[in-house]
Amino acid sequence: MARIPLISAAYAGKSVISSGQECVNLYAEVVGKFDPQAPVPITYYPTPGTVLKSQTDNNAPIRGCYRTSLGTAYIVSGTNVYYVAPDYTLILVGNIADKPTQVYFKDNGLVVVLVDGSNGYVINIVSNQFAQITDPNFYGSDFVELLDTFFIFNNPGTNQFYITASNADFGMLTNSSIEFGSISGAGATYTNGVYTNVPLTGGSGTGATADITVAGNVVTIVDVMSPGINYVIGDVLSANAADIGGTGTGFSYTITSTQSAFDPLDIAAKSGFNDPIVAIITVHRELWLVGNLTSEVWIGTGAADFYFQQVQGAFINHGCAAPYSIASQDTLTFFIQQDMQGNGLVLQGQGYDVTEISTPRIVEEFKSYITLADAIGFCFQIADHAFYCLVFPSASKGWLYDLTTGMWSEWNWTDEDGNLLRPRANCCMFAFGVILVGDYQYGKLLQLSVDVFTDEGNPIIRIRTFPHLVDDDDYARITYNSFDADMEVGTTLDLEALPQIDLSWSDNKGVTYGNPVQQSLGKTGEFLTTISWNRLGQARDRVFKLQWSADNNTALNGAFITRKKART
């Protein structure tokens, strides 16, 4: 009996007759580098299942999710923006435009800024106050980043990007707030004292408060504590007499200057080539300006005219074919490539260099889709494995690239008819100690968990095909007497369940497969169950396939086969 270890990567060769093995809803773990005496160098484990944590009241697609620097979290479902409480209660904080776009977020510890491609919105992290950015110097944006205390935006359809003032707060971002003013009327007959957080009334704005000092029965000092929003130069403010002692009259305060987060001069352009910026991302305190055809890296230098400057020589002759495919993990950047020569490669950027991580089979697969442009990318970590995920909505396909092993696998959802479709995940965040994803269809917030083996109780189909089995000497027919799957068994938690696994095989080099034959994965505690199939016929080039959807943990090492060369 010979062992067949699964040591070769799936989706390598362009053709199935080459080395195009399948790996669906499984990921590889290389145990050989930690334990040279392990039975096999690679074992395959199930990708995580999903658990429903909450659901929006509008049941609309979740367009974005974000965990703030303070540990709080927000999601956007359709037009609704929700605060996510630690117990996963969803609290509506505002509404945005009804668009089919993804939504991206960033925060500076004071506010969260979110953009949808055209519009920008701000959330006060402390109060959850919500407002739209209406400043005329905000030009819209597809992405928002934060670097060195500055919010950074791309100007859609151009090669330009622009920044806010440092540490911009809610008032500065939503509109003009009070910067300076002067006492234009000291009033009379007020009661002497210092009055704190006095609301200022009047003018065109709201929300301003001040500490007011009265001496000699007149107002002598006005120290603005909260600058409010929507004020303009020349606004005359006052205060209720009761708030500053007694029944005095005549106090007024005139605004002489306002502050805004947006300076029309704080704008720059990607200069290496004039293709438009389609995505921006910060990695390792550096700003990547990813264009349609080329990319550049900028850093903060503190220059007086514009804070950011291009890193000399950091020019990349590759752009991005799918803006939403861009994602980062640690010091790595990932996106689907496009340049003057073509598109469709998956690139990994590190430092100022990029390398291809896609395989011929992956590129061929992606090129067969209706479009690449709608691809969505994000990263998450399961145990000690970090993954870059790519979801193609139009093609209804999902893929995982394992940064630990460099291997690709399909990540799919199984519908009620057994069809493999795109995963439910439309966006991802790590919040409250777990990985959370937003459902692309029904407004569900789902947890990814390696301890769950279903999608909200629905089966997950898992598939692994084996390498081609060929007689290397003379391409002779081989008789297969038995096939034993080398798997963990007896792990189901349901005492009444009898989980099953299917074996099928192809004798035309992996193009089509015959009818599956089913065997037991063992009841609870039946750890010595042998998963065996016998009298499997003859073939010159055979490919075996295992498929299962059991609601229990599994681990696949490969298989054992008994075979011999046929007489003819």
# chains A, B, ... in the order shown; residues from 1 in each chain; ligands from 1

$ select_by_dssp --residues "stretch 215-349 of chain A" --states "helix (DSSP H, G or I)" --output "ChimeraX atom specification"
/A:241-244,323-325

$ residues_around --residues "stretch 369-375 of chain A" --least-positions-apart "6" --cutoff "7 Å" --atoms "only C-alpha atoms" --output "PyMOL selection string"
chain A and resi 321-322+324-325+390-395

$ closest_atom_pairs --of "stretch 149-220 of chain A" --to "stretch 291-309 of chain A" --cutoff "10 Å" --atoms "only C-alpha atoms" --output "CSV"
residue,atom,partner,partner_atom,distance
A:Phe150,CA,A:Tyr307,CA,9.2
A:Gly157,CA,A:Asn292,CA,9.9
A:Thr158,CA,A:Gly291,CA,9.5
A:Asn159,CA,A:Gly291,CA,7.6
A:Tyr162,CA,A:Phe306,CA,9.6
A:Ile163,CA,A:Tyr307,CA,8.9

$ closest_residue --among "A:Tyr44, A:Cys427, A:Val363, A:Asn458" --to "A:Leu446" --atoms "only C-alpha atoms"
A:Cys427

$ residues_around --residues "A:Phe138" --least-positions-apart "4" --cutoff "10 Å" --atoms "only C-alpha atoms" --output "PDB file with all heavy atoms, in the first residue's frame"
ATOM      1  N   SER A 118     -18.168  59.151  -3.956  1.00  0.00           N
ATOM      2  CA  SER A 118     -18.559  60.525  -4.281  1.00  0.00           C
ATOM      3  C   SER A 118     -18.645  61.400  -3.041  1.00  0.00           C
ATOM      4  O   SER A 118     -18.231  62.558  -3.062  1.00  0.00           O
ATOM      5  CB  SER A 118     -19.919  60.541  -4.991  1.00  0.00           C
ATOM      6  OG  SER A 118     -19.901  59.768  -6.161  1.00  0.00           O
ATOM      7  N   ASN A 119     -19.177  60.839  -1.968  1.00  0.00           N
ATOM      8  CA  ASN A 119     -19.484  61.615  -0.781  1.00  0.00           C
ATOM      9  C   ASN A 119     -18.589  61.222   0.384  1.00  0.00           C
ATOM     10  O   ASN A 119     -18.022  60.128   0.416  1.00  0.00           O
ATOM     11  CB  ASN A 119     -20.949  61.414  -0.384  1.00  0.00           C
ATOM     12  CG  ASN A 119     -21.894  61.649  -1.538  1.00  0.00           C
ATOM     13  OD1 ASN A 119     -21.984  62.752  -2.056  1.00  0.00           O
ATOM     14  ND2 ASN A 119     -22.593  60.607  -1.959  1.00  0.00           N
ATOM     15  N   GLY A 120     -18.526  62.126   1.360  1.00  0.00           N
ATOM     16  CA  GLY A 120     -17.799  61.859   2.587  1.00  0.00           C
ATOM     17  C   GLY A 120     -18.680  62.155   3.785  1.00  0.00           C
ATOM     18  O   GLY A 120     -19.526  63.053   3.745  1.00  0.00           O
ATOM     19  N   ILE A 133     -19.842  65.601   4.908  1.00  0.00           N
ATOM     20  CA  ILE A 133     -18.837  66.616   4.601  1.00  0.00           C
ATOM     21  C   ILE A 133     -19.361  67.445   3.431  1.00  0.00           C
ATOM     22  O   ILE A 133     -19.598  66.914   2.342  1.00  0.00           O
ATOM     23  CB  ILE A 133     -17.489  65.970   4.240  1.00  0.00           C
ATOM     24  CG1 ILE A 133     -16.961  65.129   5.404  1.00  0.00           C
ATOM     25  CG2 ILE A 133     -16.471  67.040   3.855  1.00  0.00           C
ATOM     26  CD1 ILE A 133     -15.692  64.359   5.082  1.00  0.00           C
ATOM     27  N   THR A 134     -19.527  68.734   3.668  1.00  0.00           N
ATOM     28  CA  THR A 134     -20.066  69.621   2.626  1.00  0.00           C
ATOM     29  C   THR A 134     -19.088  70.708   2.226  1.00  0.00           C
ATOM     30  O   THR A 134     -19.427  71.578   1.421  1.00  0.00           O
ATOM     31  CB  THR A 134     -21.372  70.270   3.110  1.00  0.00           C
ATOM     32  OG1 THR A 134     -21.123  70.995   4.321  1.00  0.00           O
ATOM     33  CG2 THR A 134     -22.444  69.215   3.361  1.00  0.00           C
ATOM     34  N   PHE A 153      -7.270  61.588   0.852  1.00  0.00           N
ATOM     35  CA  PHE A 153      -8.317  61.193  -0.083  1.00  0.00           C
ATOM     36  C   PHE A 153      -7.778  61.225  -1.508  1.00  0.00           C
ATOM     37  O   PHE A 153      -6.930  62.054  -1.839  1.00  0.00           O
ATOM     38  CB  PHE A 153      -9.509  62.153  -0.011  1.00  0.00           C
ATOM     39  CG  PHE A 153     -10.058  62.381   1.360  1.00  0.00           C
ATOM     40  CD1 PHE A 153      -9.547  63.389   2.173  1.00  0.00           C
ATOM     41  CD2 PHE A 153     -11.089  61.597   1.856  1.00  0.00           C
ATOM     42  CE1 PHE A 153     -10.057  63.618   3.447  1.00  0.00           C
ATOM     43  CE2 PHE A 153     -11.608  61.813   3.126  1.00  0.00           C
ATOM     44  CZ  PHE A 153     -11.083  62.825   3.922  1.00  0.00           C
ATOM     45  N   ASN A 155      -8.779  62.109  -5.398  1.00  0.00           N
ATOM     46  CA  ASN A 155      -9.755  62.901  -6.150  1.00  0.00           C
ATOM     47  C   ASN A 155     -10.236  62.034  -7.310  1.00  0.00           C
ATOM     48  O   ASN A 155      -9.484  61.801  -8.263  1.00  0.00           O
ATOM     49  CB  ASN A 155      -9.114  64.186  -6.656  1.00  0.00           C
ATOM     50  CG  ASN A 155     -10.112  65.138  -7.288  1.00  0.00           C
ATOM     51  OD1 ASN A 155     -11.282  64.795  -7.455  1.00  0.00           O
ATOM     52  ND2 ASN A 155      -9.669  66.322  -7.663  1.00  0.00           N
ATOM     53  N   TYR A 162      -5.552  64.626  -1.940  1.00  0.00           N
ATOM     54  CA  TYR A 162      -5.545  65.796  -1.081  1.00  0.00           C
ATOM     55  C   TYR A 162      -5.680  65.363   0.375  1.00  0.00           C
ATOM     56  O   TYR A 162      -6.070  64.225   0.668  1.00  0.00           O
ATOM     57  CB  TYR A 162      -6.646  66.777  -1.482  1.00  0.00           C
ATOM     58  CG  TYR A 162      -8.057  66.227  -1.484  1.00  0.00           C
ATOM     59  CD1 TYR A 162      -8.958  66.547  -0.477  1.00  0.00           C
ATOM     60  CD2 TYR A 162      -8.506  65.404  -2.519  1.00  0.00           C
ATOM     61  CE1 TYR A 162     -10.255  66.072  -0.482  1.00  0.00           C
ATOM     62  CE2 TYR A 162      -9.810  64.915  -2.534  1.00  0.00           C
ATOM     63  CZ  TYR A 162     -10.681  65.250  -1.514  1.00  0.00           C
ATOM     64  OH  TYR A 162     -11.964  64.771  -1.520  1.00  0.00           O
ATOM     65  N   ILE A 163      -5.352  66.283   1.287  1.00  0.00           N
ATOM     66  CA  ILE A 163      -5.291  65.942   2.707  1.00  0.00           C
ATOM     67  C   ILE A 163      -6.058  66.984   3.528  1.00  0.00           C
ATOM     68  O   ILE A 163      -6.335  68.092   3.065  1.00  0.00           O
ATOM     69  CB  ILE A 163      -3.839  65.848   3.205  1.00  0.00           C
ATOM     70  CG1 ILE A 163      -3.142  67.216   3.125  1.00  0.00           C
ATOM     71  CG2 ILE A 163      -3.070  64.799   2.410  1.00  0.00           C
ATOM     72  CD1 ILE A 163      -1.728  67.224   3.706  1.00  0.00           C
ATOM     73  N   THR A 164      -6.383  66.596   4.755  1.00  0.00           N
ATOM     74  CA  THR A 164      -7.013  67.519   5.694  1.00  0.00           C
ATOM     75  C   THR A 164      -5.936  68.167   6.563  1.00  0.00           C
ATOM     76  O   THR A 164      -4.753  67.844   6.477  1.00  0.00           O
ATOM     77  CB  THR A 164      -7.989  66.789   6.624  1.00  0.00           C
ATOM     78  OG1 THR A 164      -7.240  65.868   7.450  1.00  0.00           O
ATOM     79  CG2 THR A 164      -9.040  66.036   5.837  1.00  0.00           C
ATOM     80  N   LEU A 173     -14.317  69.087  10.036  1.00  0.00           N
ATOM     81  CA  LEU A 173     -14.595  68.259   8.867  1.00  0.00           C
ATOM     82  C   LEU A 173     -15.989  68.482   8.301  1.00  0.00           C
ATOM     83  O   LEU A 173     -16.187  68.404   7.083  1.00  0.00           O
ATOM     84  CB  LEU A 173     -14.431  66.780   9.231  1.00  0.00           C
ATOM     85  CG  LEU A 173     -12.984  66.295   9.343  1.00  0.00           C
ATOM     86  CD1 LEU A 173     -12.900  65.036  10.175  1.00  0.00           C
ATOM     87  CD2 LEU A 173     -12.382  66.075   7.967  1.00  0.00           C
ATOM     88  N   ALA A 261     -11.215  71.823   7.933  1.00  0.00           N
ATOM     89  CA  ALA A 261     -10.208  70.776   7.751  1.00  0.00           C
ATOM     90  C   ALA A 261      -9.573  70.817   6.372  1.00  0.00           C
ATOM     91  O   ALA A 261      -8.501  70.233   6.168  1.00  0.00           O
ATOM     92  CB  ALA A 261     -10.841  69.406   7.972  1.00  0.00           C
ATOM     93  N   PHE A 262     -10.204  71.501   5.423  1.00  0.00           N
ATOM     94  CA  PHE A 262      -9.758  71.425   4.033  1.00  0.00           C
ATOM     95  C   PHE A 262      -9.194  72.761   3.564  1.00  0.00           C
ATOM     96  O   PHE A 262      -9.896  73.771   3.559  1.00  0.00           O
ATOM     97  CB  PHE A 262     -10.920  70.995   3.131  1.00  0.00           C
ATOM     98  CG  PHE A 262     -11.443  69.623   3.443  1.00  0.00           C
ATOM     99  CD1 PHE A 262     -12.520  69.469   4.308  1.00  0.00           C
ATOM    100  CD2 PHE A 262     -10.850  68.497   2.908  1.00  0.00           C
ATOM    101  CE1 PHE A 262     -13.013  68.215   4.618  1.00  0.00           C
ATOM    102  CE2 PHE A 262     -11.333  67.231   3.223  1.00  0.00           C
ATOM    103  CZ  PHE A 262     -12.410  67.086   4.073  1.00  0.00           C
ATOM    104  N   ASP A 263      -7.937  72.727   3.169  1.00  0.00           N
ATOM    105  CA  ASP A 263      -7.266  73.876   2.576  1.00  0.00           C
ATOM    106  C   ASP A 263      -7.138  73.594   1.084  1.00  0.00           C
ATOM    107  O   ASP A 263      -6.592  72.553   0.689  1.00  0.00           O
ATOM    108  CB  ASP A 263      -5.890  74.055   3.205  1.00  0.00           C
ATOM    109  CG  ASP A 263      -5.156  75.294   2.718  1.00  0.00           C
ATOM    110  OD1 ASP A 263      -5.391  75.726   1.575  1.00  0.00           O
ATOM    111  OD2 ASP A 263      -4.320  75.826   3.477  1.00  0.00           O
ATOM    112  N   PRO A 264      -7.622  74.474   0.208  1.00  0.00           N
ATOM    113  CA  PRO A 264      -7.555  74.200  -1.234  1.00  0.00           C
ATOM    114  C   PRO A 264      -6.141  74.023  -1.759  1.00  0.00           C
ATOM    115  O   PRO A 264      -5.956  73.492  -2.861  1.00  0.00           O
ATOM    116  CB  PRO A 264      -8.237  75.427  -1.854  1.00  0.00           C
ATOM    117  CG  PRO A 264      -8.176  76.482  -0.808  1.00  0.00           C
ATOM    118  CD  PRO A 264      -8.267  75.772   0.501  1.00  0.00           C
TER     119      PRO A 264
END

$ residues_around --residues "A:Lys14" --least-positions-apart "6" --cutoff "10 Å" --atoms "only C-alpha atoms" --output "ChimeraX atom specification"
/A:20,359-365

$ closest_residue --among "A:Trp399, A:Trp411, A:Phe430, A:Tyr45" --to "A:Thr72" --atoms "only C-alpha atoms"
A:Phe430

$ residues_around --residues "A:Gly234" --least-positions-apart "6" --cutoff "12 Å" --atoms "only C-alpha atoms" --output "list in words"
Ile178, Phe180, Gly181, Ser182, Ser184, Gly202, Gly203, Ser204, Gly205, Ser252, Tyr253, Thr254, Ile255, Thr256, Ser257 and Thr258 of chain A

$ residues_around --residues "A:Gly398" --least-positions-apart "4" --cutoff "10 Å" --atoms "only C-alpha atoms" --output "PyMOL selection string"
chain A and resi 24-25+375-377+389-393+409-413+420-425

$ residues_around --residues "A:Ile212" --least-positions-apart "5" --cutoff "8 Å" --atoms "only C-alpha atoms" --output "number ranges by chain"
A: 194-196, 198, 219-223, 244
